[in-house]
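Q: Below are the structure tokens for one structure; questions will follow.
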Amino acid sequence: MAAPNRSRRALLLGRQAARTPLRPPWALDESAFLDACTGCGACIERCPEQVLVRSAAGYAVFDPHLGECTFCGDCADACTPRAIDRTASEVPWRTLASAGDACLPRHGVVCSSCRDACPERAIAFPLSTRVPTPVIDPARCNGCGACVSVCPVDAVALMHLEQA
Ligand code: SF4
Ligand code: SF4
Ligand code: SF4
């Protein structure tokens, strides 16, 4: 696979405050990740769920529209430069799901597909309104992304905790 476009590194870091990409679980902090990743693509090839893709700049990105991360750790095991390093952090990432304005119940349409897909039972629909809307428990959500692809209106996004 092609090496990452190093000339874009500064641009990526410049945009970091606005929107850090969703890297693989256990990826180092963005700056360290960009320094360590060689763009070999081993993590992408190893992922059994095929939820990792190469960005235009050549770095691995988690795309929850492709499916759920099961936290199997295969991507980390495949990463010889240790840009993804399970020993570097107690948690795989600090990422949280959020349902946006397009969410159907907010427009009076009953839907609970995200709750049904969530393996952590992190999504509740409190009976406080005529059509209950999803409430995501940040203590339960592990950012796996299982709720993203099942949403019929693409209303769910994963966000870094500091950006949520
Ligand atoms: S932990 Fe497993 S499922 Fe998740 S991105 Fe890595 S290889 Fe894929
Ligand atoms: S699946 Fe999408 S539209 Fe349905 S309740 Fe969840 S966020 Fe809203
Ligand atoms: S990201 Fe995973 S754990 Fe979090 S609400 Fe969605 S399905 Fe549940």
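Each chain of the structure tokens is named A, B, ... in the order shown, its residues numbered from 1; ligands are numbered from 1 in display order.
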Within 7 Å of ligand 3, which residues show up when you count only C-alpha atoms and all ligand atoms? List them as a PyMOL selection string, please.

A: chain A and resi 96-97+114+117-123+136+140-148+158

Q: Export all heavy atoms of the chosen residues as a compact mmCIF listing (two decimals), in the first residue's frame?

A:
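Below is the file part-v3.txt, written as the result:
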```txt
# COMPACT_ATOMS: atom_id res chain seq x y z
N LEU A 96 -17.80 8.47 21.69
CA LEU A 96 -19.18 8.36 22.18
C LEU A 96 -20.14 8.58 21.02
O LEU A 96 -19.90 9.43 20.17
CB LEU A 96 -19.39 9.43 23.25
CG LEU A 96 -20.66 9.44 24.07
CD1 LEU A 96 -20.70 8.22 24.96
CD2 LEU A 96 -20.68 10.71 24.91
N ALA A 97 -21.24 7.82 21.01
CA ALA A 97 -22.26 8.01 19.98
C ALA A 97 -23.18 9.17 20.36
O ALA A 97 -23.42 9.44 21.54
CB ALA A 97 -23.07 6.72 19.82
N CYS A 114 -31.39 1.96 16.65
CA CYS A 114 -30.09 2.09 17.30
C CYS A 114 -30.07 1.34 18.63
O CYS A 114 -29.09 0.67 18.96
CB CYS A 114 -29.73 3.56 17.48
SG CYS A 114 -31.03 4.54 18.28
N ALA A 117 -29.62 -2.35 18.19
CA ALA A 117 -28.29 -2.79 17.71
C ALA A 117 -27.21 -2.66 18.76
O ALA A 117 -26.13 -3.24 18.61
CB ALA A 117 -27.91 -1.96 16.48
N CYS A 118 -27.48 -1.92 19.81
CA CYS A 118 -26.42 -1.60 20.77
C CYS A 118 -26.09 -2.78 21.68
O CYS A 118 -26.92 -3.21 22.49
CB CYS A 118 -26.83 -0.41 21.62
SG CYS A 118 -25.59 -0.01 22.89
N PRO A 119 -24.88 -3.32 21.60
CA PRO A 119 -24.52 -4.46 22.45
C PRO A 119 -24.31 -4.09 23.91
O PRO A 119 -24.28 -4.97 24.76
CB PRO A 119 -23.21 -4.96 21.81
CG PRO A 119 -22.62 -3.77 21.16
CD PRO A 119 -23.78 -2.93 20.69
N GLU A 120 -24.17 -2.82 24.18
CA GLU A 120 -23.91 -2.37 25.55
C GLU A 120 -25.18 -1.89 26.26
O GLU A 120 -25.11 -1.43 27.40
CB GLU A 120 -22.87 -1.23 25.54
CG GLU A 120 -21.55 -1.62 24.93
CD GLU A 120 -20.88 -2.76 25.67
OE1 GLU A 120 -20.94 -2.77 26.91
OE2 GLU A 120 -20.33 -3.66 25.01
N ARG A 121 -26.30 -1.94 25.58
CA ARG A 121 -27.57 -1.46 26.13
C ARG A 121 -27.40 -0.02 26.65
O ARG A 121 -27.85 0.33 27.75
CB ARG A 121 -28.07 -2.38 27.24
CG ARG A 121 -28.25 -3.81 26.76
CD ARG A 121 -28.58 -4.76 27.91
NE ARG A 121 -29.89 -4.51 28.48
CZ ARG A 121 -31.01 -5.07 28.07
NH1 ARG A 121 -30.98 -5.93 27.08
NH2 ARG A 121 -32.16 -4.79 28.65
N ALA A 122 -26.75 0.77 25.81
CA ALA A 122 -26.43 2.14 26.21
C ALA A 122 -27.48 3.15 25.76
O ALA A 122 -27.40 4.32 26.13
CB ALA A 122 -25.07 2.54 25.64
N ILE A 123 -28.45 2.70 24.96
CA ILE A 123 -29.42 3.64 24.40
C ILE A 123 -30.80 3.36 25.00
O ILE A 123 -31.32 2.25 24.90
CB ILE A 123 -29.49 3.53 22.87
CG1 ILE A 123 -28.08 3.71 22.28
CG2 ILE A 123 -30.44 4.59 22.31
CD1 ILE A 123 -28.02 3.55 20.77
N ILE A 136 -28.43 8.49 25.03
CA ILE A 136 -27.27 7.61 25.08
C ILE A 136 -26.52 7.83 26.38
O ILE A 136 -26.15 8.95 26.73
CB ILE A 136 -26.36 7.85 23.86
CG1 ILE A 136 -27.15 7.55 22.57
CG2 ILE A 136 -25.09 6.99 23.94
CD1 ILE A 136 -26.45 7.91 21.29
N ARG A 140 -22.08 3.87 29.57
CA ARG A 140 -22.17 2.55 28.95
C ARG A 140 -21.61 2.52 27.53
O ARG A 140 -21.07 1.51 27.08
CB ARG A 140 -23.64 2.10 28.88
CG ARG A 140 -24.20 1.62 30.22
CD ARG A 140 -25.66 1.20 30.04
NE ARG A 140 -26.20 0.59 31.24
CZ ARG A 140 -26.24 -0.73 31.45
NH1 ARG A 140 -25.78 -1.55 30.53
NH2 ARG A 140 -26.73 -1.22 32.56
N CYS A 141 -21.78 3.60 26.79
CA CYS A 141 -21.36 3.63 25.38
C CYS A 141 -19.84 3.48 25.29
O CYS A 141 -19.09 4.23 25.92
CB CYS A 141 -21.79 4.93 24.73
SG CYS A 141 -21.21 5.10 23.02
N ASN A 142 -19.41 2.51 24.49
CA ASN A 142 -17.96 2.32 24.30
C ASN A 142 -17.50 2.74 22.91
O ASN A 142 -16.36 2.48 22.54
CB ASN A 142 -17.58 0.86 24.60
CG ASN A 142 -18.27 -0.11 23.64
OD1 ASN A 142 -18.83 0.31 22.63
ND2 ASN A 142 -18.23 -1.39 23.96
N GLY A 143 -18.41 3.37 22.15
CA GLY A 143 -18.03 3.88 20.84
C GLY A 143 -17.85 2.81 19.78
O GLY A 143 -17.18 3.06 18.77
N CYS A 144 -18.47 1.66 19.96
CA CYS A 144 -18.28 0.56 19.01
C CYS A 144 -18.82 0.86 17.63
O CYS A 144 -18.37 0.28 16.64
CB CYS A 144 -18.91 -0.72 19.55
SG CYS A 144 -20.73 -0.70 19.55
N GLY A 145 -19.83 1.72 17.55
CA GLY A 145 -20.37 2.12 16.26
C GLY A 145 -21.48 1.24 15.72
O GLY A 145 -21.95 1.46 14.61
N ALA A 146 -21.93 0.25 16.49
CA ALA A 146 -22.97 -0.65 16.00
C ALA A 146 -24.27 0.08 15.69
O ALA A 146 -25.09 -0.38 14.89
CB ALA A 146 -23.23 -1.76 17.02
N CYS A 147 -24.47 1.22 16.32
CA CYS A 147 -25.70 1.97 16.12
C CYS A 147 -25.67 2.85 14.87
O CYS A 147 -26.70 3.37 14.45
CB CYS A 147 -25.96 2.86 17.34
SG CYS A 147 -24.54 3.90 17.76
N VAL A 148 -24.52 3.02 14.27
CA VAL A 148 -24.40 3.99 13.17
C VAL A 148 -25.02 3.46 11.88
O VAL A 148 -25.89 4.11 11.27
CB VAL A 148 -22.92 4.36 12.94
CG1 VAL A 148 -22.76 5.23 11.70
CG2 VAL A 148 -22.37 5.08 14.17
N LEU A 158 -20.30 9.24 15.69
CA LEU A 158 -19.37 9.00 16.80
C LEU A 158 -18.50 10.24 16.96
O LEU A 158 -18.00 10.79 15.99
CB LEU A 158 -18.48 7.79 16.51
CG LEU A 158 -19.17 6.43 16.42
CD1 LEU A 158 -18.13 5.33 16.23
CD2 LEU A 158 -20.00 6.15 17.66
```

Q: Could you name the residues that touch range 39-47 of chain A at 12 Å or less, counting only C-alpha atoms, but leaving out those on the same chain fewer than 4 positions away, as a PyMOL selection string?

A: chain A and resi 1-6+23-27+33-35+51-63+66-85

Q: As a list in words, please: the residues near Val135 in chain A (cut-off 9 Å, only C-alpha atoms, same-chain neighbours under 3 positions excluded).

A: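 Counting only the stated atoms, we get Ser98, Ala99, Ala122, Ile123, Ala124, Phe125 and Pro126 of chain A.
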
Q: For ligand 2, return the neighbouring residues as an NGL selection string (distance at most 7 Å; only C-alpha atoms and all ligand atoms).

A: :A and (99-100 or 102-105 or 111-115 or 133-134 or 147 or 150-156)

Q: Restricting it to N, CA and C atoms, dump the selection as a PDB file, in the first residue's frame.

A:
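Result file follows (again12.pdb):
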```
ATOM      1  N   ALA A  99     -26.919  11.066  18.760  1.00  0.00           N
ATOM      2  CA  ALA A  99     -27.995  11.111  17.763  1.00  0.00           C
ATOM      3  C   ALA A  99     -28.301  12.572  17.429  1.00  0.00           C
ATOM      4  N   GLY A 100     -28.261  12.891  16.146  1.00  0.00           N
ATOM      5  CA  GLY A 100     -28.416  14.276  15.716  1.00  0.00           C
ATOM      6  C   GLY A 100     -29.839  14.660  15.361  1.00  0.00           C
ATOM      7  N   ALA A 102     -31.483  14.770  12.689  1.00  0.00           N
ATOM      8  CA  ALA A 102     -32.237  13.987  11.706  1.00  0.00           C
ATOM      9  C   ALA A 102     -32.967  12.813  12.338  1.00  0.00           C
ATOM     10  N   CYS A 103     -32.651  12.498  13.584  1.00  0.00           N
ATOM     11  CA  CYS A 103     -33.269  11.350  14.279  1.00  0.00           C
ATOM     12  C   CYS A 103     -34.789  11.378  14.112  1.00  0.00           C
ATOM     13  N   LEU A 104     -35.341  10.267  13.633  1.00  0.00           N
ATOM     14  CA  LEU A 104     -36.757  10.209  13.257  1.00  0.00           C
ATOM     15  C   LEU A 104     -37.729  10.556  14.386  1.00  0.00           C
ATOM     16  N   PRO A 105     -37.542  10.023  15.600  1.00  0.00           N
ATOM     17  CA  PRO A 105     -38.490  10.375  16.671  1.00  0.00           C
ATOM     18  C   PRO A 105     -38.562  11.874  16.950  1.00  0.00           C
ATOM     19  N   CYS A 111     -38.999   5.096  15.957  1.00  0.00           N
ATOM     20  CA  CYS A 111     -37.827   4.316  15.525  1.00  0.00           C
ATOM     21  C   CYS A 111     -36.992   4.014  16.762  1.00  0.00           C
ATOM     22  N   SER A 112     -36.453   2.802  16.799  1.00  0.00           N
ATOM     23  CA  SER A 112     -35.538   2.452  17.892  1.00  0.00           C
ATOM     24  C   SER A 112     -34.448   1.505  17.395  1.00  0.00           C
ATOM     25  N   SER A 113     -34.113   1.617  16.130  1.00  0.00           N
ATOM     26  CA  SER A 113     -33.129   0.703  15.537  1.00  0.00           C
ATOM     27  C   SER A 113     -31.779   0.772  16.239  1.00  0.00           C
ATOM     28  N   CYS A 114     -31.389   1.956  16.653  1.00  0.00           N
ATOM     29  CA  CYS A 114     -30.088   2.091  17.300  1.00  0.00           C
ATOM     30  C   CYS A 114     -30.069   1.343  18.633  1.00  0.00           C
ATOM     31  N   ARG A 115     -31.141   1.456  19.376  1.00  0.00           N
ATOM     32  CA  ARG A 115     -31.202   0.738  20.663  1.00  0.00           C
ATOM     33  C   ARG A 115     -31.101  -0.769  20.439  1.00  0.00           C
ATOM     34  N   THR A 133     -37.504   9.695  22.293  1.00  0.00           N
ATOM     35  CA  THR A 133     -36.265   9.924  21.547  1.00  0.00           C
ATOM     36  C   THR A 133     -35.091   9.255  22.273  1.00  0.00           C
ATOM     37  N   PRO A 134     -34.051   8.902  21.537  1.00  0.00           N
ATOM     38  CA  PRO A 134     -32.946   8.171  22.154  1.00  0.00           C
ATOM     39  C   PRO A 134     -32.093   9.037  23.078  1.00  0.00           C
ATOM     40  N   CYS A 147     -24.471   1.216  16.316  1.00  0.00           N
ATOM     41  CA  CYS A 147     -25.698   1.974  16.123  1.00  0.00           C
ATOM     42  C   CYS A 147     -25.672   2.853  14.873  1.00  0.00           C
ATOM     43  N   VAL A 150     -27.084   1.108  11.276  1.00  0.00           N
ATOM     44  CA  VAL A 150     -28.486   0.663  11.314  1.00  0.00           C
ATOM     45  C   VAL A 150     -29.463   1.827  11.291  1.00  0.00           C
ATOM     46  N   CYS A 151     -28.988   3.024  11.501  1.00  0.00           N
ATOM     47  CA  CYS A 151     -29.901   4.169  11.537  1.00  0.00           C
ATOM     48  C   CYS A 151     -30.385   4.480  10.119  1.00  0.00           C
ATOM     49  N   PRO A 152     -31.697   4.483   9.907  1.00  0.00           N
ATOM     50  CA  PRO A 152     -32.206   4.665   8.544  1.00  0.00           C
ATOM     51  C   PRO A 152     -31.983   6.057   7.977  1.00  0.00           C
ATOM     52  N   VAL A 153     -31.662   7.011   8.818  1.00  0.00           N
ATOM     53  CA  VAL A 153     -31.465   8.380   8.318  1.00  0.00           C
ATOM     54  C   VAL A 153     -30.062   8.903   8.633  1.00  0.00           C
ATOM     55  N   ASP A 154     -29.154   7.992   8.973  1.00  0.00           N
ATOM     56  CA  ASP A 154     -27.759   8.365   9.230  1.00  0.00           C
ATOM     57  C   ASP A 154     -27.661   9.491  10.262  1.00  0.00           C
ATOM     58  N   ALA A 155     -28.440   9.335  11.320  1.00  0.00           N
ATOM     59  CA  ALA A 155     -28.480  10.398  12.337  1.00  0.00           C
ATOM     60  C   ALA A 155     -27.436  10.221  13.428  1.00  0.00           C
ATOM     61  N   VAL A 156     -26.815   9.039  13.496  1.00  0.00           N
ATOM     62  CA  VAL A 156     -25.884   8.778  14.593  1.00  0.00           C
ATOM     63  C   VAL A 156     -24.453   9.057  14.146  1.00  0.00           C
TER      64      VAL A 156
END
```

Q: Which neighbours of Gly108 in chain A fall inside 9 Å, counting only C-alpha atoms, when residues of the same chain fewer than 4 positions from it are skipped, and could you give them as a VMD selection string?

A: chain A and resid 104 130 to 132

Q: Could you take the residues named above and write them with N, CA and C atoms, as a PDB file, in the first residue's frame?

A:
```pdb
ATOM      1  N   LEU A 104     -35.341  10.267  13.633  1.00  0.00           N
ATOM      2  CA  LEU A 104     -36.757  10.209  13.257  1.00  0.00           C
ATOM      3  C   LEU A 104     -37.729  10.556  14.386  1.00  0.00           C
ATOM      4  N   ARG A 130     -44.305  12.076  23.523  1.00  0.00           N
ATOM      5  CA  ARG A 130     -45.260  11.240  22.789  1.00  0.00           C
ATOM      6  C   ARG A 130     -44.528  10.188  21.952  1.00  0.00           C
ATOM      7  N   VAL A 131     -43.494  10.625  21.254  1.00  0.00           N
ATOM      8  CA  VAL A 131     -42.624   9.692  20.533  1.00  0.00           C
ATOM      9  C   VAL A 131     -41.256   9.743  21.207  1.00  0.00           C
ATOM     10  N   PRO A 132     -40.925   8.719  21.995  1.00  0.00           N
ATOM     11  CA  PRO A 132     -39.666   8.768  22.755  1.00  0.00           C
ATOM     12  C   PRO A 132     -38.441   8.910  21.851  1.00  0.00           C
TER      13      PRO A 132
END
```

Q: So what do you get for atom 2 (Fe, counted along the ligand's line) of ligand 1 versus CA of Leu22 in chain A, distance-wise?

A: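 Spanning atom 2 (Fe, counted along the ligand's line) of ligand 1 to CA of Leu22 in chain A is a straight-line distance of 14.0 Å.
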
Q: Could you pull out the residues in chain A that DSSP calls alpha helix (DSSP H) from the backbone, as number ranges by chain?

A: A: 9-15, 30-36, 42-46, 74-78, 113-117

Q: Would you put the residues from that selection into a file with C-alpha atoms, as a tab-separated table (two decimals), in the first residue's frame?

A:
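Writing done, so here's out_4.tsv:
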```
chain	number	residue	atom	x	y	z
A	9	ARG	CA	0.42	15.96	8.21
A	10	ALA	CA	0.60	19.60	9.21
A	11	LEU	CA	-2.73	20.27	7.56
A	12	LEU	CA	-4.30	17.35	9.40
A	13	LEU	CA	-2.91	18.52	12.71
A	14	GLY	CA	-4.07	22.04	11.97
A	15	ARG	CA	-7.59	20.74	11.60
A	30	GLU	CA	-3.33	12.08	16.93
A	31	SER	CA	0.08	13.72	16.66
A	32	ALA	CA	1.94	10.63	17.88
A	33	PHE	CA	-0.19	8.42	15.64
A	34	LEU	CA	0.66	10.45	12.55
A	35	ASP	CA	4.34	10.31	13.50
A	36	ALA	CA	4.39	6.55	14.08
A	42	ALA	CA	-1.55	-3.89	8.00
A	43	CYS	CA	-4.29	-2.86	10.43
A	44	ILE	CA	-6.74	-2.34	7.59
A	45	GLU	CA	-5.97	-5.71	6.07
A	46	ARG	CA	-6.15	-7.55	9.40
A	74	ASP	CA	-6.24	-7.58	15.66
A	75	CYS	CA	-5.42	-4.15	14.24
A	76	ALA	CA	-3.17	-3.40	17.20
A	77	ASP	CA	-1.47	-6.77	16.93
A	78	ALA	CA	-0.78	-6.11	13.25
A	113	SER	CA	-33.13	0.70	15.54
A	114	CYS	CA	-30.09	2.09	17.30
A	115	ARG	CA	-31.20	0.74	20.66
A	116	ASP	CA	-31.80	-2.70	19.20
A	117	ALA	CA	-28.29	-2.79	17.71
```

Q: Pick out the closest residue to ligand 1 from this set: A:Ala157, A:Cys37, A:Val91, A:Leu127. Count only C-alpha atoms and all ligand atoms.

A: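 Of all the options, A:Val91 lies closest to ligand 1.
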